[in-house]
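Q: I am attaching a structure below and will ask some questions about it afterwards.
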Amino acid sequence: MTTRVGVVTFPGSLDDRDAQRAVRLAGAEPVALWHRDKDLHQVDAVVLPGGFSYGDYLRAGAISRFSPVMATIIEQARLGMPVLGICNGFQVLTESHLLPGAMLRNNHLHFICRDQKLRVENATTAWTSDYQVGQEISVPLKNMDGRYTADPRTIEELEAEGRVVFRYVDVNPNGSINDIAGITNAAGNVVGLMPHPEHAVEPLVGTGRTDGLPFFTSVLKQLVSS
Amino acid sequence: MSLDTVKNAEQTPDAGQPWAELGLKADEYARIREILGRRPTGAELAMYSVMWSEHCSYKSSKVHLKQFGEKAPQSDAMLVGIGENAGVVDVGQGYAVTFKVESHNHPSYIEPYQGAATGIGGIVRDILAMGARPVAVMDPLRFGAADHPDTRRVLPGIVAGIGGYGNCLGLPNIGGEVVFDSCYQGNPLVNALCVGVMKHEDIHLAQASGAGNKVILYGARTGGDGIGGVSVLASETFDATGPAKRPAVQVGDPFQEKLLIECTLEVFREKLVLGIQDLGGAGLSCATSELASAGSGGMRIDLDLVPLRDATLSPEEILMSESQERMCAIVEPGKVERFLEICEKWDVIATVIGEVTEGERLEIFWHGEQVVDVPPRTVAHDGPVYQRPYARPSWQDALQADAPTAERLARPGTGEELKQTLLKVAGSPNQASKAWITDQYDRFVIGNTVLATPEDSGMVRIDEETNLGVSVATDGNGRYAKLDPYAGAQLALAEAYRNVAASGAKPLAVSDCLNFGSPEDPDVMWQFAEATRGLADACLVLGTPVTGGNVSLYNQTGEVAIHPTPVVAVLGVIDDVTRRTPIGFADEGHHLYLLGDTADELGGSAWSQVVHDHLGGLPPKVDLERERLLAEILIAASRDGMIDAAHDLSDGGLAQALVESCLRGGLGARVIVPAELDPFVFLFSESAGRAVVAVPRSEELRFTDMCGARGLPATRIGVVDGDALEVQGQFTVSLAELTEAHTGVIEALLG
């Protein structure tokens, strides 16, 4: 049976088709999920894609967090379903309290689109097992509100428990605390990051690298073996 | 104030009307009275005033623009030509591509962020209205001097507006231009281009036919923003009791536009739409009159059904409002319910506001009383046409005589001077890296971007199975056009054509944005006449028809007009995007060939501007047959894997091309000056019809044989090598020095 990975479309989601393509290239079946539909259609994992859901007019991710589909995703995530939040999806995850902390406006106050180098800090999560700890990868980064922040105790906890999954290398593009680019929950099934692995899955387009593909193959392996 | 109904207008023929305040001339007002056989109502006057404005009616430019049709080359690729929202081109495999470039110059100066943002919004809706999914945008921009204090106000706002709107729409921004010149100080040029893709059978047109079919307005509510944006601000005397004077600049909501795109594509997919038009300049006046005019002519609209943001708006204001993110569709009665359901799914407000009628009148009602009764064609198409006087400016000869000869302008002589000149040009605002600007745009979204800035063209894949792709480049050089508008327009076309070919795609069609000063100035009108004639002649030779575009006049402050600035976009097709040619030198040992002929041509050059602040002489000579041959060679070499990098030569000449290709690929080059050329001319001349290519040694014979057989001069000038650019016998400059000079310039001035 093929593994089914759901990709949610909120009003204003932009990278949903890209995420579906990445899922397909990794060998799983992408399933489009609609924000108003509570039903997850028997998916085994969920990707919350990038974009500007609800225009990010209130606070990035703040409205999407209340959509019917999120109620089910929050419930399933607590039961162990792998969930990946990319960029706006990461913002939705922090707004949903599936991940701690919050994202502020980039410290330089501009939207930034660049090929960003990251270091893998945790290769045990559902979405990173196909990487090695310490491995450096390059994936596109593009956002306005990407500066990760949290209170000192949370940061200490994340660092102590090895829950910082990715760190920015060479350049900290937005002023995130401790160069944090992505984090996971304590169980390791929920991962959120600002850069876009789904834009780095083919040698031809985007940055011309496939450094993002292991996200999607990692979750596939984890689901097949479980 | 009481409602000015048709009945009232008939009974009060002598009532005074604010036609002059609305931008109409006395004879135009008289003509409206003649068409209607009575005085127009306030609502009718509002419609005619916006639709007969320069922006909508092209009244000054029409007589010149018709050459694009008369001289159009035979092209099997054209599916829809000039006159629709955008032209449509066949790119094979059942796909059609639509693209268009437009201006949003004036609003962007007044309110940089919103002006630029809504420029993107407008062009995207034009593409959408053809039935296409928008797949990419580009922005050719021109600003005043980079170090002028007002540029610091204008540029960051415009860039943030383009990014803020485009990024939120999910369209990759894959190219464009950024040019600084003090002639644009009070008149920045903000042009925006959008490309869309569809299958042939999905082409939609703006027409309303079939009596009984419904007119549905959907998208944002109508507000008081942008009233008279295309003509003049609505004045207090227009309606003293209505809302006070409002900004003529519209305010954009990209989130609403994103919903509008997805919703529109879904109603297209379910084949629910007979005709469609976006609401841009002149708002509902334009959409209703154009839809009716292109159909059988009859339409009835109940204006009080239009959803409003401001309940106090008068019928005149509703007709003139340029509120963004609105579309108007013609739908069969049986399909209305499903149409509304899809709009509801996307949280888009949709309202049936009228229907197509028998007869040939556009009739608009306000709470049951008729306020408009006009033949729609007279509003949409029968506007005034002017034969504006034009004459070669008295100063043109003196300007052309002031050539940048070696006697007049000092040229670098020693190797060290050449090196310093190269660094100075590569680090000047026009030639420096624009990454600080383009990094504020998302170029990755949708996952089909094959090439983007700073490559020669933007290229996107349109079929993931077959790897079919399209490539677009926009170019324009106001300095060349000032020296010779006929040649300047041709050089703009030649450069965009060359850029598309250099990336491996076959040029197919043209869209143009013609930015000029006031048409009431005979000097400017001559520039316009010459540029259009030049462009039409060149399109005929190159076999690339003009599919549409836009004219922006009155880009001048006081008596001083901008340089004539025809911006030309060329669209090309590439059968297999994996064969695309990037600009970067990425492989050591590849031989560098200079294709084409180099002459002492420095009039209007980057060197003359950067080093001497000089503009005079003649621009480089145009040889369109050579451009065509060069393009054929570049395309064949790309298809057959004979070259691994190619970069067109334009402003800054070979020196600038080498700097960009070295930095892009991360490798240096060793270059030899050909014996017959002066090193300075070799490096800085801007002769057209040239490119530099990197050829793997295994392909060298095949490549040079091909050039020889076709008669294209190909001179081996060096090799890709090391981490410095060395011009043998002259100078060596490390990549680190080049990076230092070429990057960080724009943010230092404007960040």
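Labels used: A, B, ... for chains in the order of the structure tokens, numbers from 1 for residues in each chain, and numbers from 1 for ligands as shown.
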For chain A, list the residues within 6 Å of chain B, counting only C-alpha atoms, and write the list as a VMD selection string.

A: chain A and resid 14 18 52 55 111 to 113 199 205 to 206

Q: Could you give me, as a PyMOL selection string, the residues within 8 Å of Leu104 in chain A, counting only C-alpha atoms and dropping anything in the same chain fewer than 2 positions from it?

A: chain A and resi 102+106+145-149

Q: Take the residues from that selection and put them in a file with C-alpha atoms, as a PDB file, in the first residue's frame.

A:
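As a result, selection-v5.pdb now contains:
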ATOM      1  CA  ALA A 102       7.032  32.213  17.802  1.00  0.00           C
ATOM      2  CA  ASN A 106      13.109  39.493  10.097  1.00  0.00           C
ATOM      3  CA  ASP A 145       8.564  36.754   9.440  1.00  0.00           C
ATOM      4  CA  GLY A 146      11.286  34.209  10.041  1.00  0.00           C
ATOM      5  CA  ARG A 147      13.026  35.304  13.232  1.00  0.00           C
ATOM      6  CA  TYR A 148      12.534  32.462  15.675  1.00  0.00           C
ATOM      7  CA  THR A 149      12.117  33.509  19.260  1.00  0.00           C
TER       8      THR A 149
END

Q: Run DSSP on the backbone of this structure and report the residues of range 549-634 of chain B it assigns to strand (DSSP E), as a ChimeraX atom specification.

A: /B:549-552,556-557,560-561,565-574,591-595

Q: Export C-alpha atoms of the chosen residues as a short mmCIF file (atom, residue, chain, number, x, y, z; two decimals), in the first residue's frame?

A:
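Final output, again06.cif:
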data_model
loop_
_atom_site.label_atom_id
_atom_site.label_comp_id
_atom_site.auth_asym_id
_atom_site.auth_seq_id
_atom_site.Cartn_x
_atom_site.Cartn_y
_atom_site.Cartn_z
CA GLY B 549 1.43 45.92 -24.48
CA ASN B 550 0.88 49.34 -23.13
CA VAL B 551 1.69 53.00 -23.72
CA SER B 552 2.56 55.33 -20.86
CA GLN B 556 7.64 64.23 -17.50
CA THR B 557 8.09 66.88 -14.89
CA VAL B 560 11.59 67.93 -18.95
CA ALA B 561 10.63 64.54 -20.35
CA THR B 565 12.10 54.41 -22.99
CA PRO B 566 10.59 51.63 -25.05
CA VAL B 567 10.81 48.49 -22.91
CA VAL B 568 10.57 45.34 -24.98
CA ALA B 569 9.71 41.88 -23.69
CA VAL B 570 10.47 38.86 -25.84
CA LEU B 571 8.95 35.45 -25.16
CA GLY B 572 10.65 32.30 -26.38
CA VAL B 573 10.03 28.57 -26.20
CA ILE B 574 12.46 25.79 -25.36
CA HIS B 591 37.28 27.83 -24.21
CA LEU B 592 35.71 31.25 -24.47
CA TYR B 593 34.51 32.50 -27.83
CA LEU B 594 33.35 35.97 -28.68
CA LEU B 595 30.59 35.77 -31.29
#

Q: Between CA of Gly476 in chain B and CA of Pro582 in chain B, what is the spacing in Å?

A: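 Separating CA of Pro582 in chain B from CA of Gly476 in chain B is a distance of 21.3 Å.
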
Q: Taking only C-alpha atoms into account, which of A:Val165, A:Leu98, A:Ala19, A:Leu204 comes nearest Val83 in chain A?

A: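 With only C-alpha atoms as the atom set, the closest residue is A:Leu98.
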
Q: Quick check for you: according to DSSP on this backbone, which residues of range 90-193 of chain A are classed as helix (DSSP H, G or I)? Reply as a list in words.

A: Phe90, Gln91, Val92, Leu93, Thr94, Glu95, Pro152, Arg153, Thr154, Ile155, Glu156, Glu157, Leu158, Glu159, Ala160, Ile177, Asn178 and Asp179 of chain A

Q: Just how far from CA of Val611 in chain B is CA of Gln730 in chain B, in Å to one decimal?

A: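 Between these atoms lies a distance of 19.4 Å.
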
Q: Counting only C-alpha atoms, which residue out of A:Asp179, A:Asp211, A:Asp56, A:Asp37 sits closest to Val139 in chain A?

A: A:Asp211

Q: Using only C-alpha atoms, which protein or nucleic acid residues come within 7 Å of Val201 in chain A? Drop anything in the same chain fewer than 3 positions from it, and give the result as a PyMOL selection string.

A: chain A and resi 22+198+209-213

Q: Store the residues of this selection in a file with N, CA and C atoms, as a PDB file, in the first residue's frame.

A:
ATOM      1  N   ALA A  22       7.026  17.235  -4.104  1.00  0.00           N
ATOM      2  CA  ALA A  22       8.118  16.649  -3.312  1.00  0.00           C
ATOM      3  C   ALA A  22       7.704  15.293  -2.744  1.00  0.00           C
ATOM      4  N   GLU A 198      10.988  21.650   0.129  1.00  0.00           N
ATOM      5  CA  GLU A 198      10.228  21.209  -1.055  1.00  0.00           C
ATOM      6  C   GLU A 198      10.677  21.935  -2.325  1.00  0.00           C
ATOM      7  N   ARG A 209      19.693  21.811  -6.571  1.00  0.00           N
ATOM      8  CA  ARG A 209      20.158  20.744  -5.681  1.00  0.00           C
ATOM      9  C   ARG A 209      18.962  19.939  -5.181  1.00  0.00           C
ATOM     10  N   THR A 210      19.242  18.755  -4.619  1.00  0.00           N
ATOM     11  CA  THR A 210      18.151  17.922  -4.119  1.00  0.00           C
ATOM     12  C   THR A 210      18.288  17.717  -2.614  1.00  0.00           C
ATOM     13  N   ASP A 211      18.887  18.694  -1.947  1.00  0.00           N
ATOM     14  CA  ASP A 211      19.156  18.556  -0.516  1.00  0.00           C
ATOM     15  C   ASP A 211      17.901  18.442   0.343  1.00  0.00           C
ATOM     16  N   GLY A 212      16.751  18.794  -0.220  1.00  0.00           N
ATOM     17  CA  GLY A 212      15.526  18.776   0.583  1.00  0.00           C
ATOM     18  C   GLY A 212      14.776  17.450   0.513  1.00  0.00           C
ATOM     19  N   LEU A 213      15.139  16.623  -0.472  1.00  0.00           N
ATOM     20  CA  LEU A 213      14.386  15.381  -0.674  1.00  0.00           C
ATOM     21  C   LEU A 213      14.382  14.442   0.535  1.00  0.00           C
TER      22      LEU A 213
END

Q: List as a list in words the protein and nucleic acid residues near His196 in chain A, meaning an atom at most 8 Å away when only C-alpha atoms are counted, but skip any in the same chain fewer than 6 places from it.

A: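 Listing them by chain and then by number gives Gly50, Ile86, Cys87, Val139, Pro140, Leu141, Lys142 and Gly212 of chain A.
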
Q: Considering only C-alpha atoms, can you say which of A:Val190, A:Val47, A:Val224, A:Ala181 comes closest to Pro30 in chain A?

A: A:Val47

Q: Excluding Ile353 in chain B and any residue of its chain fewer than 3 positions from it, enumerate the residues within 6 Å of it, using only C-alpha atoms, and give them as a VMD selection string.

A: chain B and resid 215 to 216 301 to 302 305

Q: Applying 10 Å and only C-alpha atoms, which residues near Ala329 in chain B remain after dropping the ones on its own chain fewer than 4 positions away? List them as number ranges by chain.

A: B: 129, 206-208, 213-218, 264, 272-278, 287-288, 291, 339, 350, 352

Q: Got time to write the residues from that selection, N, CA and C atoms, as a PDB file, in the first residue's frame?

A:
ATOM      1  N   ALA B 129      -7.497  36.685 -17.069  1.00  0.00           N
ATOM      2  CA  ALA B 129      -8.726  36.874 -17.855  1.00  0.00           C
ATOM      3  C   ALA B 129      -8.650  36.192 -19.220  1.00  0.00           C
ATOM      4  N   ALA B 206     -12.847  38.402 -23.796  1.00  0.00           N
ATOM      5  CA  ALA B 206     -13.717  39.364 -23.120  1.00  0.00           C
ATOM      6  C   ALA B 206     -14.887  39.699 -24.025  1.00  0.00           C
ATOM      7  N   GLN B 207     -15.952  38.934 -23.947  1.00  0.00           N
ATOM      8  CA  GLN B 207     -17.134  39.284 -24.724  1.00  0.00           C
ATOM      9  C   GLN B 207     -18.404  38.769 -24.055  1.00  0.00           C
ATOM     10  N   ALA B 208     -19.459  39.548 -24.241  1.00  0.00           N
ATOM     11  CA  ALA B 208     -20.738  39.203 -23.654  1.00  0.00           C
ATOM     12  C   ALA B 208     -21.714  38.926 -24.773  1.00  0.00           C
ATOM     13  N   ASN B 213     -28.002  35.759 -20.620  1.00  0.00           N
ATOM     14  CA  ASN B 213     -26.838  35.338 -19.836  1.00  0.00           C
ATOM     15  C   ASN B 213     -26.525  36.378 -18.762  1.00  0.00           C
ATOM     16  N   LYS B 214     -26.019  35.884 -17.638  1.00  0.00           N
ATOM     17  CA  LYS B 214     -25.869  36.763 -16.476  1.00  0.00           C
ATOM     18  C   LYS B 214     -24.484  37.411 -16.419  1.00  0.00           C
ATOM     19  N   VAL B 215     -24.488  38.612 -15.883  1.00  0.00           N
ATOM     20  CA  VAL B 215     -23.237  39.333 -15.646  1.00  0.00           C
ATOM     21  C   VAL B 215     -22.917  39.214 -14.156  1.00  0.00           C
ATOM     22  N   ILE B 216     -21.796  38.557 -13.844  1.00  0.00           N
ATOM     23  CA  ILE B 216     -21.433  38.358 -12.435  1.00  0.00           C
ATOM     24  C   ILE B 216     -20.182  39.166 -12.112  1.00  0.00           C
ATOM     25  N   LEU B 217     -20.318  40.006 -11.084  1.00  0.00           N
ATOM     26  CA  LEU B 217     -19.154  40.741 -10.575  1.00  0.00           C
ATOM     27  C   LEU B 217     -18.657  39.967  -9.372  1.00  0.00           C
ATOM     28  N   TYR B 218     -17.349  39.616  -9.362  1.00  0.00           N
ATOM     29  CA  TYR B 218     -16.845  38.862  -8.210  1.00  0.00           C
ATOM     30  C   TYR B 218     -15.467  39.341  -7.803  1.00  0.00           C
ATOM     31  N   THR B 264     -11.060  31.692 -10.027  1.00  0.00           N
ATOM     32  CA  THR B 264     -11.258  31.867 -11.464  1.00  0.00           C
ATOM     33  C   THR B 264     -10.791  30.634 -12.234  1.00  0.00           C
ATOM     34  N   LEU B 272     -17.612  27.129 -16.841  1.00  0.00           N
ATOM     35  CA  LEU B 272     -18.792  27.893 -16.437  1.00  0.00           C
ATOM     36  C   LEU B 272     -18.800  29.301 -17.014  1.00  0.00           C
ATOM     37  N   VAL B 273     -17.755  29.660 -17.771  1.00  0.00           N
ATOM     38  CA  VAL B 273     -17.602  31.062 -18.163  1.00  0.00           C
ATOM     39  C   VAL B 273     -17.660  31.231 -19.681  1.00  0.00           C
ATOM     40  N   LEU B 274     -18.507  32.151 -20.140  1.00  0.00           N
ATOM     41  CA  LEU B 274     -18.595  32.442 -21.579  1.00  0.00           C
ATOM     42  C   LEU B 274     -17.651  33.568 -21.971  1.00  0.00           C
ATOM     43  N   GLY B 275     -17.578  34.578 -21.137  1.00  0.00           N
ATOM     44  CA  GLY B 275     -16.710  35.715 -21.422  1.00  0.00           C
ATOM     45  C   GLY B 275     -16.242  36.279 -20.103  1.00  0.00           C
ATOM     46  N   ILE B 276     -15.073  36.897 -20.111  1.00  0.00           N
ATOM     47  CA  ILE B 276     -14.558  37.391 -18.827  1.00  0.00           C
ATOM     48  C   ILE B 276     -13.688  38.614 -19.055  1.00  0.00           C
ATOM     49  N   GLN B 277     -13.708  39.503 -18.095  1.00  0.00           N
ATOM     50  CA  GLN B 277     -12.890  40.716 -18.182  1.00  0.00           C
ATOM     51  C   GLN B 277     -12.471  41.074 -16.765  1.00  0.00           C
ATOM     52  N   ASP B 278     -11.214  41.508 -16.625  1.00  0.00           N
ATOM     53  CA  ASP B 278     -10.802  41.953 -15.303  1.00  0.00           C
ATOM     54  C   ASP B 278     -11.153  43.431 -15.152  1.00  0.00           C
ATOM     55  N   ALA B 287     -15.068  47.466 -17.932  1.00  0.00           N
ATOM     56  CA  ALA B 287     -15.464  46.057 -18.046  1.00  0.00           C
ATOM     57  C   ALA B 287     -16.812  45.908 -18.741  1.00  0.00           C
ATOM     58  N   THR B 288     -17.798  46.704 -18.326  1.00  0.00           N
ATOM     59  CA  THR B 288     -19.126  46.540 -18.922  1.00  0.00           C
ATOM     60  C   THR B 288     -19.140  46.992 -20.377  1.00  0.00           C
ATOM     61  N   LEU B 291     -17.005  44.426 -22.528  1.00  0.00           N
ATOM     62  CA  LEU B 291     -17.677  43.128 -22.668  1.00  0.00           C
ATOM     63  C   LEU B 291     -18.858  43.253 -23.629  1.00  0.00           C
ATOM     64  N   PHE B 339     -21.383  28.467 -10.286  1.00  0.00           N
ATOM     65  CA  PHE B 339     -20.384  29.541 -10.253  1.00  0.00           C
ATOM     66  C   PHE B 339     -20.327  30.176  -8.855  1.00  0.00           C
ATOM     67  N   ALA B 350     -19.476  37.095  -4.768  1.00  0.00           N
ATOM     68  CA  ALA B 350     -19.899  37.122  -6.166  1.00  0.00           C
ATOM     69  C   ALA B 350     -21.363  37.538  -6.231  1.00  0.00           C
ATOM     70  N   VAL B 352     -24.668  38.590  -9.007  1.00  0.00           N
ATOM     71  CA  VAL B 352     -25.225  38.820 -10.335  1.00  0.00           C
ATOM     72  C   VAL B 352     -25.678  40.280 -10.374  1.00  0.00           C
TER      73      VAL B 352
END

Q: Between A:Ile180, A:Leu223, A:Ala77, A:Ala126, which is the closest to Ile155 in chain A once you count only C-alpha atoms?

A: A:Ile180

Q: In Å, how far is it from CA of Val673 in chain B to CA of Gln490 in chain B?

A: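 Interatomic distance, CA of Val673 in chain B to CA of Gln490 in chain B: 29.1 Å.
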
Q: Mind checking which residues fall within 9 Å of Gly69 in chain B, counting only C-alpha atoms, ignoring those fewer than 6 positions away in the same chain, and posting them as a PyMOL selection string?

A: chain B and resi 81-82+536+545-546
